[in-house]
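Here is the file structure-v7.txt (compact mmCIF, C-alpha atoms).
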# COMPACT_ATOMS: atom_id res chain seq x y z
CA MET A 25 -136.42 82.97 -129.18
CA SER A 26 -132.69 83.28 -128.49
CA VAL A 27 -132.74 79.96 -126.68
CA LEU A 28 -134.43 78.31 -129.65
CA ILE A 29 -131.82 79.74 -131.98
CA MET A 30 -129.05 78.46 -129.73
CA VAL A 31 -130.49 74.96 -129.79
CA ALA A 32 -130.98 75.05 -133.53
CA THR A 33 -127.46 76.23 -134.29
CA ASP A 34 -125.39 74.50 -131.62
CA PRO A 35 -124.59 70.98 -132.82
CA ALA A 36 -123.60 69.90 -129.30
CA ALA A 37 -127.00 70.99 -127.99
CA ALA A 38 -128.78 69.32 -130.86
CA ARG A 39 -127.27 65.92 -130.19
CA ALA A 40 -127.41 65.99 -126.42
CA GLN A 41 -130.85 64.43 -126.24
CA TRP A 42 -133.20 67.01 -124.66
CA LEU A 43 -130.69 68.35 -122.14
CA ASN A 44 -130.91 71.81 -123.73
CA TYR A 45 -134.42 71.69 -125.15
CA PRO A 46 -136.52 74.63 -123.93
CA THR A 47 -139.21 73.66 -121.46
CA PRO A 48 -142.49 74.97 -122.89
CA GLY A 49 -145.03 77.00 -120.96
CA ILE A 50 -142.76 78.49 -118.31
CA PRO A 51 -142.23 82.18 -117.50
CA ARG A 52 -139.25 83.64 -119.33
CA LEU A 53 -137.38 86.91 -119.38
CA ALA A 54 -136.96 89.00 -122.51
CA ASN A 55 -133.64 87.26 -123.23
CA GLY A 56 -135.30 83.85 -123.17
CA ALA A 57 -133.88 82.77 -119.82
CA PRO A 58 -136.36 81.29 -117.33
CA ASP A 59 -137.82 83.87 -114.95
CA MET A 60 -136.98 82.26 -111.64
CA LYS A 61 -138.56 85.09 -109.66
CA ALA A 62 -141.93 84.84 -111.37
CA PRO A 63 -144.82 83.94 -109.07
CA ALA A 64 -145.38 80.28 -108.31
CA PRO A 65 -147.72 78.83 -110.95
CA ARG A 66 -151.19 77.65 -109.98
CA THR A 67 -153.43 74.85 -111.19
CA PRO A 68 -156.90 75.60 -112.66
CA ASP A 69 -158.44 75.01 -109.21
CA GLY A 70 -156.23 77.72 -107.71
CA LYS A 71 -153.80 75.50 -105.80
CA PRO A 72 -150.06 76.12 -106.12
CA ASP A 73 -148.67 73.90 -108.87
CA LEU A 74 -145.55 72.11 -107.64
CA SER A 75 -145.11 70.25 -110.93
CA GLY A 76 -141.68 70.27 -112.49
CA MET A 77 -138.17 68.91 -112.13
CA TRP A 78 -136.39 69.68 -108.88
CA PHE A 79 -132.88 69.41 -107.46
CA ALA A 80 -131.44 70.52 -104.14
CA ASN A 81 -130.67 74.24 -104.34
CA VAL A 82 -126.95 73.78 -104.82
CA PRO A 83 -125.10 75.87 -107.40
CA SER A 84 -122.64 74.28 -109.78
CA LYS A 85 -118.99 74.77 -108.91
CA ASP A 86 -117.72 77.37 -111.32
CA TYR A 87 -114.10 76.30 -110.98
CA CYS A 88 -115.05 72.95 -112.50
CA ARG A 89 -115.73 74.47 -115.90
CA GLU A 90 -112.21 73.82 -117.13
CA LYS A 91 -110.28 72.14 -114.33
CA ASP A 92 -109.92 68.51 -113.32
CA CYS A 93 -113.08 68.11 -111.32
CA ILE A 94 -114.23 64.68 -112.32
CA GLN A 95 -115.60 63.51 -109.00
CA GLU A 96 -117.13 66.84 -107.98
CA GLU A 97 -120.90 66.79 -107.91
CA ARG A 98 -123.60 69.23 -106.98
CA MET A 99 -124.45 67.92 -103.58
CA ALA A 100 -126.72 69.10 -100.79
CA ARG A 101 -124.92 69.22 -97.44
CA GLU A 102 -127.92 67.38 -96.04
CA GLN A 103 -126.98 64.40 -98.19
CA ILE A 104 -124.19 63.69 -95.71
CA ASN A 105 -126.01 64.72 -92.54
CA LEU A 106 -129.69 65.60 -92.72
CA GLY A 107 -129.42 67.43 -89.39
CA ILE A 108 -126.39 69.50 -90.37
CA LYS A 109 -128.20 72.81 -89.80
CA LEU A 110 -129.46 71.84 -86.34
CA LYS A 111 -127.36 73.33 -83.55
CA ASP A 112 -127.18 70.07 -81.61
CA GLY A 113 -127.61 67.73 -84.58
CA LEU A 114 -130.26 65.05 -84.74
CA PRO A 115 -131.44 63.78 -81.30
CA TYR A 116 -130.34 60.17 -81.65
CA THR A 117 -131.53 57.53 -79.19
CA GLU A 118 -128.96 55.17 -77.71
CA TRP A 119 -130.15 52.54 -80.20
CA SER A 120 -129.50 54.95 -83.07
CA LYS A 121 -126.06 55.86 -81.74
CA GLU A 122 -125.13 52.20 -81.66
CA GLN A 123 -126.38 51.69 -85.23
CA MET A 124 -124.37 54.65 -86.46
CA LYS A 125 -121.25 53.47 -84.66
CA ILE A 126 -121.46 50.20 -86.59
CA ARG A 127 -122.25 51.95 -89.86
CA ARG A 128 -119.31 54.32 -89.50
CA ALA A 129 -116.92 51.53 -88.47
CA ASN A 130 -117.80 49.78 -91.72
CA GLY A 131 -117.09 52.89 -93.77
CA GLY A 132 -120.75 53.25 -94.69
CA ARG A 133 -120.62 50.08 -96.77
CA GLU A 134 -124.02 48.84 -95.59
CA ASP A 135 -125.75 51.92 -96.97
CA PRO A 136 -128.73 50.54 -98.95
CA HIS A 137 -128.02 53.19 -101.56
CA SER A 138 -124.64 51.55 -102.26
CA TYR A 139 -126.46 48.33 -103.06
CA CYS A 140 -128.75 50.07 -105.54
CA MET A 141 -131.79 49.94 -103.30
CA PRO A 142 -134.61 52.44 -103.99
CA PRO A 143 -134.16 56.17 -103.30
CA ASN A 144 -136.26 56.37 -100.16
CA PHE A 145 -137.89 59.67 -99.29
CA PRO A 146 -137.27 61.99 -97.53
CA ARG A 147 -133.61 61.15 -98.25
CA ALA A 148 -134.27 61.19 -101.98
CA TRP A 149 -134.77 64.99 -101.94
CA THR A 150 -131.06 65.34 -101.12
CA LEU A 151 -129.59 62.76 -103.51
CA PRO A 152 -127.61 63.83 -106.60
CA GLN A 153 -130.33 62.71 -108.99
CA HIS A 154 -133.31 64.74 -110.14
CA THR A 155 -136.90 64.52 -108.95
CA ARG A 156 -139.99 65.26 -111.02
CA ILE A 157 -143.33 66.17 -109.46
CA VAL A 158 -146.48 65.50 -111.47
CA GLN A 159 -149.44 67.11 -109.73
CA THR A 160 -153.05 66.19 -110.43
CA PRO A 161 -156.12 67.11 -108.38
CA GLY A 162 -156.35 63.72 -106.67
CA MET A 163 -152.75 62.58 -106.62
CA MET A 164 -149.20 63.81 -106.72
CA VAL A 165 -146.70 61.48 -108.35
CA ILE A 166 -143.05 61.98 -107.47
CA LEU A 167 -140.59 60.44 -109.90
CA HIS A 168 -136.90 60.00 -109.15
CA GLU A 169 -134.11 59.33 -111.62
CA PHE A 170 -132.35 56.78 -109.44
CA ASN A 171 -133.68 53.37 -110.47
CA GLY A 172 -136.62 55.06 -112.22
CA ALA A 173 -138.42 55.20 -108.88
CA TYR A 174 -141.86 56.55 -108.14
CA ARG A 175 -143.82 57.64 -105.10
CA GLU A 176 -147.57 58.29 -104.85
CA VAL A 177 -149.08 60.96 -102.61
CA TYR A 178 -152.85 60.64 -102.40
CA LEU A 179 -154.65 63.99 -102.32
CA ASP A 180 -158.17 62.53 -102.22
CA GLY A 181 -158.74 62.74 -98.49
CA ARG A 182 -158.13 59.10 -97.59
CA PRO A 183 -156.62 58.35 -94.17
CA LEU A 184 -153.19 56.86 -93.65
CA PRO A 185 -153.29 53.04 -93.53
CA VAL A 186 -153.34 51.24 -90.19
CA ASN A 187 -150.50 48.76 -89.57
CA PRO A 188 -149.41 48.73 -93.24
CA ASN A 189 -146.80 46.44 -94.74
CA PRO A 190 -143.62 48.56 -94.48
CA THR A 191 -142.08 49.78 -97.73
CA TRP A 192 -139.15 51.91 -98.90
CA ASN A 193 -141.24 55.06 -99.23
CA GLY A 194 -144.10 54.17 -96.93
CA TYR A 195 -147.64 55.41 -97.58
CA SER A 196 -148.33 59.08 -98.17
CA THR A 197 -151.36 61.34 -98.14
CA GLY A 198 -151.40 65.08 -98.67
CA HIS A 199 -153.66 68.02 -97.92
CA TRP A 200 -153.41 71.76 -98.43
CA GLU A 201 -152.96 74.22 -95.60
CA GLY A 202 -153.18 77.51 -97.46
CA ASP A 203 -150.46 77.41 -100.11
CA THR A 204 -148.52 74.66 -98.35
CA LEU A 205 -148.95 71.01 -99.27
CA VAL A 206 -148.66 68.89 -96.14
CA ILE A 207 -147.65 65.29 -96.84
CA GLU A 208 -148.00 62.72 -94.07
CA THR A 209 -146.21 59.37 -94.34
CA ASN A 210 -146.18 56.16 -92.32
CA GLY A 211 -145.34 52.51 -93.04
CA ILE A 212 -141.61 53.10 -93.67
CA ARG A 213 -139.29 50.08 -93.42
CA ASP A 214 -137.32 49.54 -90.23
CA ASP A 215 -133.83 49.65 -91.74
CA MET A 216 -133.70 52.88 -93.71
CA TRP A 217 -130.91 55.45 -93.84
CA LEU A 218 -131.65 59.17 -93.96
CA ASP A 219 -128.18 60.28 -95.05
CA ILE A 220 -124.67 59.06 -95.89
CA GLN A 221 -123.55 59.11 -92.27
CA GLY A 222 -126.26 56.57 -91.50
CA SER A 223 -128.90 58.48 -89.53
CA PRO A 224 -131.64 55.87 -89.12
CA ILE A 225 -135.35 56.04 -89.75
CA THR A 226 -137.57 53.14 -88.72
CA GLU A 227 -141.00 51.59 -88.91
CA SER A 228 -142.08 53.66 -85.93
CA ALA A 229 -141.61 56.89 -87.89
CA ARG A 230 -144.26 59.36 -88.88
CA VAL A 231 -142.90 61.86 -91.40
CA THR A 232 -144.49 65.20 -92.26
CA GLU A 233 -143.21 67.09 -95.29
CA ARG A 234 -144.45 70.63 -95.83
CA LEU A 235 -143.90 71.76 -99.43
CA LYS A 236 -144.18 75.44 -100.30
CA ARG A 237 -143.29 76.86 -103.69
CA LEU A 238 -141.90 80.30 -102.89
CA ASN A 239 -141.79 81.42 -106.52
CA PHE A 240 -141.28 79.80 -109.90
CA GLY A 241 -137.68 78.88 -109.14
CA LEU A 242 -137.63 77.79 -105.54
CA MET A 243 -139.48 75.34 -103.30
CA GLN A 244 -139.04 75.00 -99.55
CA ILE A 245 -139.56 71.63 -97.90
CA GLU A 246 -139.79 71.24 -94.14
CA ILE A 247 -139.12 67.63 -93.17
CA ALA A 248 -140.44 66.72 -89.71
CA VAL A 249 -139.70 63.29 -88.27
CA ASN A 250 -141.33 61.72 -85.25
CA ASP A 251 -139.59 58.38 -84.76
CA PRO A 252 -139.41 57.36 -81.09
CA LYS A 253 -137.25 54.32 -81.83
CA ALA A 254 -134.53 56.34 -83.55
CA TYR A 255 -134.87 59.81 -81.96
CA THR A 256 -135.42 61.05 -78.42
CA LYS A 257 -137.80 63.77 -79.61
CA PRO A 258 -139.48 64.95 -82.83
CA TRP A 259 -137.31 67.17 -85.01
CA SER A 260 -137.55 69.06 -88.27
CA VAL A 261 -135.20 70.49 -90.88
CA THR A 262 -135.89 72.71 -93.88
CA ILE A 263 -134.29 72.20 -97.26
CA GLU A 264 -134.58 74.15 -100.49
CA MET A 265 -135.16 72.75 -103.95
CA ALA A 266 -134.42 74.65 -107.17
CA VAL A 267 -136.56 74.06 -110.25
CA GLN A 268 -134.70 72.53 -113.20
CA VAL A 269 -135.81 73.61 -116.67
CA ASP A 270 -134.64 73.21 -120.28
CA THR A 271 -133.52 69.70 -119.38
CA GLN A 272 -134.99 66.23 -118.95
CA MET A 273 -135.06 63.32 -116.54
CA LEU A 274 -132.31 60.83 -117.31
CA GLU A 275 -132.48 57.11 -116.60
CA GLU A 276 -130.06 55.85 -113.96
CA ILE A 277 -130.60 52.15 -113.30
CA CYS A 278 -128.09 51.38 -110.59
CA LEU A 279 -127.93 47.60 -110.98
CA ASP A 280 -127.09 47.94 -114.67
CA ASN A 281 -123.36 47.88 -113.97
CA GLU A 282 -122.86 48.13 -110.21
CA ARG A 283 -119.27 47.14 -109.46
CA ASP A 284 -118.29 49.00 -106.32
CA THR A 285 -119.80 46.69 -103.74
CA LYS A 286 -117.78 43.86 -105.29
CA LEU A 287 -114.64 45.87 -104.49
CA TYR A 288 -115.46 46.04 -100.78
CA LYS A 289 -114.11 42.53 -100.14
CA LYS A 290 -111.49 40.49 -101.88
CA MET B 7 -106.36 58.60 -76.09
CA SER B 8 -104.91 62.08 -75.92
CA ARG B 9 -107.01 65.04 -76.87
CA ARG B 10 -104.97 65.54 -80.00
CA ARG B 11 -105.35 61.95 -81.11
CA SER B 12 -109.04 61.98 -80.42
CA HIS B 13 -109.31 65.13 -82.51
CA VAL B 14 -107.43 63.47 -85.34
CA ALA B 15 -109.60 60.37 -85.07
CA ALA B 16 -112.72 62.51 -85.25
CA CYS B 17 -111.30 64.23 -88.30
CA VAL B 18 -110.60 60.91 -89.95
CA VAL B 19 -114.21 59.85 -89.52
CA THR B 20 -115.57 63.21 -90.68
CA CYS B 21 -113.10 63.65 -93.50
CA VAL B 22 -113.65 60.16 -94.86
CA LEU B 23 -117.39 60.75 -94.79
CA LEU B 24 -117.02 64.10 -96.50
CA VAL B 25 -114.74 62.74 -99.19
CA SER B 26 -116.98 59.73 -99.62
CA ALA B 27 -119.99 61.90 -100.08
CA VAL B 28 -118.99 63.06 -103.53
CA SER B 29 -120.14 59.76 -104.94
CA ALA B 30 -123.51 59.31 -106.54
CA HIS B 31 -124.21 55.97 -104.98
CA HIS B 32 -121.53 54.41 -102.82
CA SER B 33 -119.25 55.14 -99.90
CA GLN B 34 -115.92 55.01 -101.78
CA SER B 35 -114.36 53.23 -98.79
CA GLU B 36 -113.19 50.59 -101.26
CA TYR B 37 -110.63 53.13 -102.46
CA ASP B 38 -107.57 54.46 -100.67
CA LEU B 39 -108.50 58.10 -101.15
CA ARG B 40 -105.14 59.27 -99.78
CA GLY B 41 -103.25 57.11 -102.26
CA LYS B 42 -102.43 58.20 -105.76
CA VAL B 43 -101.94 56.38 -109.03
CA GLU B 44 -100.89 58.02 -112.28
CA VAL B 45 -100.75 56.17 -115.56
CA GLU B 46 -100.56 56.89 -119.26
CA GLY B 47 -101.92 54.50 -121.82
CA THR B 48 -104.39 53.60 -124.53
CA VAL B 49 -108.14 53.34 -124.03
CA THR B 50 -109.39 49.82 -124.72
CA LYS B 51 -113.04 50.17 -123.68
CA VAL B 52 -115.55 52.67 -122.29
CA GLU B 53 -118.57 51.47 -120.31
CA TRP B 54 -121.14 54.28 -120.38
CA ARG B 55 -123.55 52.64 -117.94
CA SER B 56 -125.06 53.36 -114.53
CA PRO B 57 -124.30 53.82 -111.76
CA HIS B 58 -120.78 54.76 -112.90
CA ALA B 59 -118.99 55.00 -116.21
CA TRP B 60 -115.75 53.02 -116.43
CA VAL B 61 -112.76 53.55 -118.67
CA TYR B 62 -110.26 50.75 -119.35
CA VAL B 63 -106.69 51.62 -120.26
CA ASP B 64 -103.78 49.48 -121.42
CA VAL B 65 -100.66 50.60 -119.58
CA ILE B 66 -97.09 49.31 -119.91
CA ASN B 67 -95.65 48.85 -116.42
CA ASP B 68 -92.04 49.11 -115.21
CA LYS B 69 -91.37 45.50 -116.22
CA GLY B 70 -92.53 46.16 -119.77
CA GLU B 71 -95.74 44.18 -119.22
CA LYS B 72 -99.11 45.35 -120.50
CA VAL B 73 -101.65 45.88 -117.69
CA ASN B 74 -105.28 46.77 -118.32
CA TRP B 75 -106.37 49.33 -115.72
CA SER B 76 -110.01 50.04 -114.81
CA PHE B 77 -110.92 53.60 -113.82
CA GLU B 78 -114.23 54.57 -112.27
CA LEU B 79 -115.94 57.81 -113.35
CA PRO B 80 -119.10 59.51 -112.09
CA SER B 81 -122.44 58.36 -113.44
CA PRO B 82 -123.12 58.85 -117.15
CA VAL B 83 -126.08 61.00 -116.05
CA THR B 84 -123.78 63.41 -114.22
CA LEU B 85 -121.31 63.47 -117.11
CA MET B 86 -124.02 64.02 -119.72
CA ARG B 87 -125.32 67.01 -117.78
CA ARG B 88 -121.80 68.44 -118.03
CA GLY B 89 -121.93 68.00 -121.81
CA TRP B 90 -119.97 64.77 -122.23
CA THR B 91 -121.26 61.80 -124.19
CA ARG B 92 -120.53 58.11 -124.65
CA ASP B 93 -118.43 59.08 -127.67
CA SER B 94 -116.21 61.56 -125.83
CA LEU B 95 -113.55 58.91 -125.30
CA LYS B 96 -112.95 56.08 -127.74
CA PRO B 97 -110.84 52.93 -127.85
CA GLY B 98 -107.44 53.84 -129.21
CA ASP B 99 -107.36 57.28 -127.57
CA ARG B 100 -104.15 58.05 -125.68
CA ILE B 101 -104.83 59.45 -122.18
CA LYS B 102 -103.21 60.23 -118.85
CA VAL B 103 -105.20 59.29 -115.78
CA ALA B 104 -104.68 60.15 -112.12
CA GLY B 105 -106.77 58.68 -109.36
CA ALA B 106 -107.01 56.81 -106.07
CA PRO B 107 -106.34 53.05 -106.09
CA ALA B 108 -108.67 50.31 -104.88
CA ARG B 109 -107.62 48.97 -101.48
CA ASN B 110 -108.00 45.29 -102.25
CA PHE B 111 -107.58 44.91 -105.99
CA PRO B 112 -104.72 45.71 -108.36
CA ALA B 113 -105.12 47.90 -111.46
CA ILE B 114 -108.44 49.40 -110.34
CA ALA B 115 -108.84 53.04 -109.31
CA ILE B 116 -111.26 55.92 -109.13
CA ALA B 117 -110.31 58.66 -111.60
CA ASN B 118 -109.78 62.22 -110.44
CA SER B 119 -108.20 63.52 -113.63
CA ILE B 120 -108.21 62.35 -117.22
CA ARG B 121 -106.23 64.29 -119.80
CA ASP B 122 -105.91 63.79 -123.52
CA GLY B 123 -102.69 63.75 -125.55
CA ASN B 124 -102.59 67.56 -125.48
CA ASP B 125 -102.87 67.56 -121.68
CA LYS B 126 -106.39 68.94 -121.90
CA PRO B 127 -108.65 67.84 -119.00
CA LEU B 128 -111.60 65.65 -119.97
CA PHE B 129 -114.93 65.20 -118.14
CA THR B 130 -114.74 68.70 -116.71
CA GLY B 131 -117.62 71.14 -116.74
CA ILE B 132 -120.66 72.11 -114.73
CA THR B 133 -124.34 71.41 -114.90
CA LYS B 134 -126.34 74.28 -116.34
CA THR B 135 -128.32 76.06 -113.65
CA TYR B 136 -130.42 79.20 -113.63
CA GLU B 137 -129.81 81.38 -110.57
CA PRO B 138 -130.86 78.85 -107.96
CA ASP B 139 -130.75 81.57 -105.28
CA ALA B 140 -133.33 83.69 -107.08
CA GLY B 141 -135.88 83.27 -104.31
CA LYS B 142 -133.50 84.41 -101.59
CA LYS B 143 -132.67 87.66 -103.36
CA ASP B 144 -136.22 88.97 -103.22

Exercise: express the given structure as structure tokens:
Amino acid sequence: MSVLIMVATDPAAARAQWLNYPTPGIPRLANGAPDMKAPAPRTPDGKPDLSGMWFANVPSKDYCREKDCIQEERMAREQINLGIKLKDGLPYTEWSKEQMKIRRANGGREDPHSYCMPPNFPRAWTLPQHTRIVQTPGMMVILHEFNGAYREVYLDGRPLPVNPNPTWNGYSTGHWEGDTLVIETNGIRDDMWLDIQGSPITESARVTERLKRLNFGLMQIEIAVNDPKAYTKPWSVTIEMAVQVDTQMLEEICLDNERDTKLYKK
Amino acid sequence: MSRRRSHVAACVVTCVLLVSAVSAHHSQSEYDLRGKVEVEGTVTKVEWRSPHAWVYVDVINDKGEKVNWSFELPSPVTLMRRGWTRDSLKPGDRIKVAGAPARNFPAIAIANSIRDGNDKPLFTGITKTYEPDAGKKD
């Protein structure tokens, strides 16, 4: 109730679209705040419900409340280097090392993201835009704010395609192992970046994402990559996503007014 | 290359990448992030569009000439989540801007600080979050 009163009486909240509008149907504490420690919700068929808006579990920087902090953003460390938590980093092949040398020498200017290309998963989990999961019994749809992108994960038991036409997000199927949703993906394009420093992922990749909602507020995602062209051995990293409530997805169409790539060269 | 130089070179690569990473969509290598530009002038236009908002400012230079500067901001989406709107800055507003200049173009920069006539910082703030570490504390 207190949240509703705040929205009704705060003119800033009232005009800021739905950025402060209470999300209905979620567990709340007595003071109206979302109960992040409540158990993970379940669908009518008893599966964990991963539906909701998600963002990398990165707190806002408190010192930015009042100070000059214009360019500061909530940013997962994995956005720079997906293997940052691995003791020896990602196991790049010689081919990958050469690619990254070129990418670094060019200041990262060939990053497809800079040119407004789609937010390819699994990288998209770490980007500074929000993701929304819509879960149905036969399909999970994953929406992403950047370019209004979507990804389909088929939950109907179909096999992965054989020799598919490569795409930005590839082709994904999912199945449940207990309370963990296991998503398998193939058919990824050959020229994808996994992070800002240019870690490659290629058409030879098979990606396994294991999604587990630990409670209402937190979801763990293990990303396992088997890509013999880009990596000498399979590897996996685990990231955390925090649920985002009392807010909304916002449109961010990158090509609307993209000017930075024009500044690269005179 | 001496060990010290190689260490510095490594730092340059890492530091540039780290600094670059604050951007929503691009590498920022088009800007000289170690350079600094500070101007004071009058807002002529605000572009509240993706992937980055831009603010244009008329500035009188040392020769008494009027120069229209372009300053890049974060995405409108990021700024809106901090509570700012397309009306937060209007043509005619007097502001001070500090930022890093474009390497290859004059009068273009990425803004790190925008202050109004009372020296109050604009486009500050944080995105509302609810205890994102809740799960870890159990």

* Can you pull out every residue within 10 Å of range 77-81 of chain A, counting only C-alpha atoms, but drop anything in the same chain fewer than 4 positions away, and send it as a ChimeraX atom specification? => /A:98-103,148-158,166-168,241-244,263-273 /B:135,137-139

Atoms to include: C-alpha atoms. Write the selected residues as a compact mmCIF listing (two decimals), in the frame of the given file.
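As written to disk, part_3.txt reads:
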# COMPACT_ATOMS: atom_id res chain seq x y z
CA ARG A 98 -123.60 69.23 -106.98
CA MET A 99 -124.45 67.92 -103.58
CA ALA A 100 -126.72 69.10 -100.79
CA ARG A 101 -124.92 69.22 -97.44
CA GLU A 102 -127.92 67.38 -96.04
CA GLN A 103 -126.98 64.40 -98.19
CA ALA A 148 -134.27 61.19 -101.98
CA TRP A 149 -134.77 64.99 -101.94
CA THR A 150 -131.06 65.34 -101.12
CA LEU A 151 -129.59 62.76 -103.51
CA PRO A 152 -127.61 63.83 -106.60
CA GLN A 153 -130.33 62.71 -108.99
CA HIS A 154 -133.31 64.74 -110.14
CA THR A 155 -136.90 64.52 -108.95
CA ARG A 156 -139.99 65.26 -111.02
CA ILE A 157 -143.33 66.17 -109.46
CA VAL A 158 -146.48 65.50 -111.47
CA ILE A 166 -143.05 61.98 -107.47
CA LEU A 167 -140.59 60.44 -109.90
CA HIS A 168 -136.90 60.00 -109.15
CA GLY A 241 -137.68 78.88 -109.14
CA LEU A 242 -137.63 77.79 -105.54
CA MET A 243 -139.48 75.34 -103.30
CA GLN A 244 -139.04 75.00 -99.55
CA ILE A 263 -134.29 72.20 -97.26
CA GLU A 264 -134.58 74.15 -100.49
CA MET A 265 -135.16 72.75 -103.95
CA ALA A 266 -134.42 74.65 -107.17
CA VAL A 267 -136.56 74.06 -110.25
CA GLN A 268 -134.70 72.53 -113.20
CA VAL A 269 -135.81 73.61 -116.67
CA ASP A 270 -134.64 73.21 -120.28
CA THR A 271 -133.52 69.70 -119.38
CA GLN A 272 -134.99 66.23 -118.95
CA MET A 273 -135.06 63.32 -116.54
CA THR B 135 -128.32 76.06 -113.65
CA GLU B 137 -129.81 81.38 -110.57
CA PRO B 138 -130.86 78.85 -107.96
CA ASP B 139 -130.75 81.57 -105.28

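Shortest atom-to-atom contact with chain A among B:Ser76, B:Ser94, B:Thr48, B:Thr133: B:Thr133, counting all atoms listed in the file.
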
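In this comparison, which uses all atoms listed in the file, the residue of A:Asp214, A:Glu176, A:Glu118, A:Asp219 approaching Thr256 in chain A most closely is A:Glu118.
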
* Considering all atoms listed in the file, return as a PyMOL selection string whatever protein or nucleic-acid residues lie within 8 Å of Lys51 in chain B, sequence-local ones (same chain, fewer than 5 positions apart) excluded. => chain B and resi 61-63+96-97

* Pairwise distance for CA of Phe145 in chain A and CA of Ser260 in chain A, rounded to one decimal in Å ->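 A separation of 14.5 Å between them.
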
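When all atoms listed in the file are used to compute distances to chain A, the closest of the residues B:Glu44, B:Ala113, B:Arg100, B:Ser33 turns out to be B:Ser33.
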
* **From B:Lys42, B:Arg87, B:Arg92, B:Lys102, residue lying nearest chain A [only C-alpha atoms]** => B:Arg87

* Interface residues on chain A facing chain B, 7 Å, all atoms listed in the file, written as number ranges by chain -> A: 60-61, 81, 83-86, 88-97, 104, 131-133, 137-138, 152, 220-221, 238-239, 241-242, 266, 274, 276-278, 280-282, 287-288, 290

* To do: Work out how far apart CA of Thr226 in chain A and CA of Trp259 in chain A are and give it in Å to one decimal.
  => 14.5 Å

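The nearest approach to Asn189 in chain A among the residues A:Met124, A:Ile212, A:Ile50, A:Ala173, with only C-alpha atoms taken into account, belongs to A:Ile212.
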
* If I put a ball of radius 9 Å at (-150.2, 63.8, -96.0) in the file's coordinates, which residues poke into it when counting all atoms listed in the file, written as a ChimeraX atom specification? -> /A:177-179,181,183-184,195-200,205-209,231-234

* Quick one: everything within 10 Å of Leu114 in chain A, counting all atoms listed in the file, minus sequence neighbours fewer than 2 positions away in the same chain. Send it as a ChimeraX atom specification. => /A:105-112,116-117,223,254-261

Can you write just those residues out, C-alpha atoms, as a PDB file, in the frame of the given file?
ATOM      1  CA  ASN A 105    -126.010  64.720 -92.540  1.00  0.00           C
ATOM      2  CA  LEU A 106    -129.690  65.600 -92.720  1.00  0.00           C
ATOM      3  CA  GLY A 107    -129.420  67.430 -89.390  1.00  0.00           C
ATOM      4  CA  ILE A 108    -126.390  69.500 -90.370  1.00  0.00           C
ATOM      5  CA  LYS A 109    -128.200  72.810 -89.800  1.00  0.00           C
ATOM      6  CA  LEU A 110    -129.460  71.840 -86.340  1.00  0.00           C
ATOM      7  CA  LYS A 111    -127.360  73.330 -83.550  1.00  0.00           C
ATOM      8  CA  ASP A 112    -127.180  70.070 -81.610  1.00  0.00           C
ATOM      9  CA  TYR A 116    -130.340  60.170 -81.650  1.00  0.00           C
ATOM     10  CA  THR A 117    -131.530  57.530 -79.190  1.00  0.00           C
ATOM     11  CA  SER A 223    -128.900  58.480 -89.530  1.00  0.00           C
ATOM     12  CA  ALA A 254    -134.530  56.340 -83.550  1.00  0.00           C
ATOM     13  CA  TYR A 255    -134.870  59.810 -81.960  1.00  0.00           C
ATOM     14  CA  THR A 256    -135.420  61.050 -78.420  1.00  0.00           C
ATOM     15  CA  LYS A 257    -137.800  63.770 -79.610  1.00  0.00           C
ATOM     16  CA  PRO A 258    -139.480  64.950 -82.830  1.00  0.00           C
ATOM     17  CA  TRP A 259    -137.310  67.170 -85.010  1.00  0.00           C
ATOM     18  CA  SER A 260    -137.550  69.060 -88.270  1.00  0.00           C
ATOM     19  CA  VAL A 261    -135.200  70.490 -90.880  1.00  0.00           C
TER      20      VAL A 261
END

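Between CA of Thr204 in chain A and CA of Leu235 in chain A the separation is 5.6 Å.
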
* **Residue nearest Phe170 in chain A - candidates A:Arg66, A:Leu43, A:Asn193, A:Leu279, atoms counted: all atoms listed in the file** =>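 Smallest distance to Phe170 in chain A is found for A:Leu279.
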
* To do: Write out as a ChimeraX atom specification which residues come within 10 Å of Ser228 in chain A when counting all atoms listed in the file, dropping same-chain ones fewer than 6 positions away.
  => /A:210-214,250-254
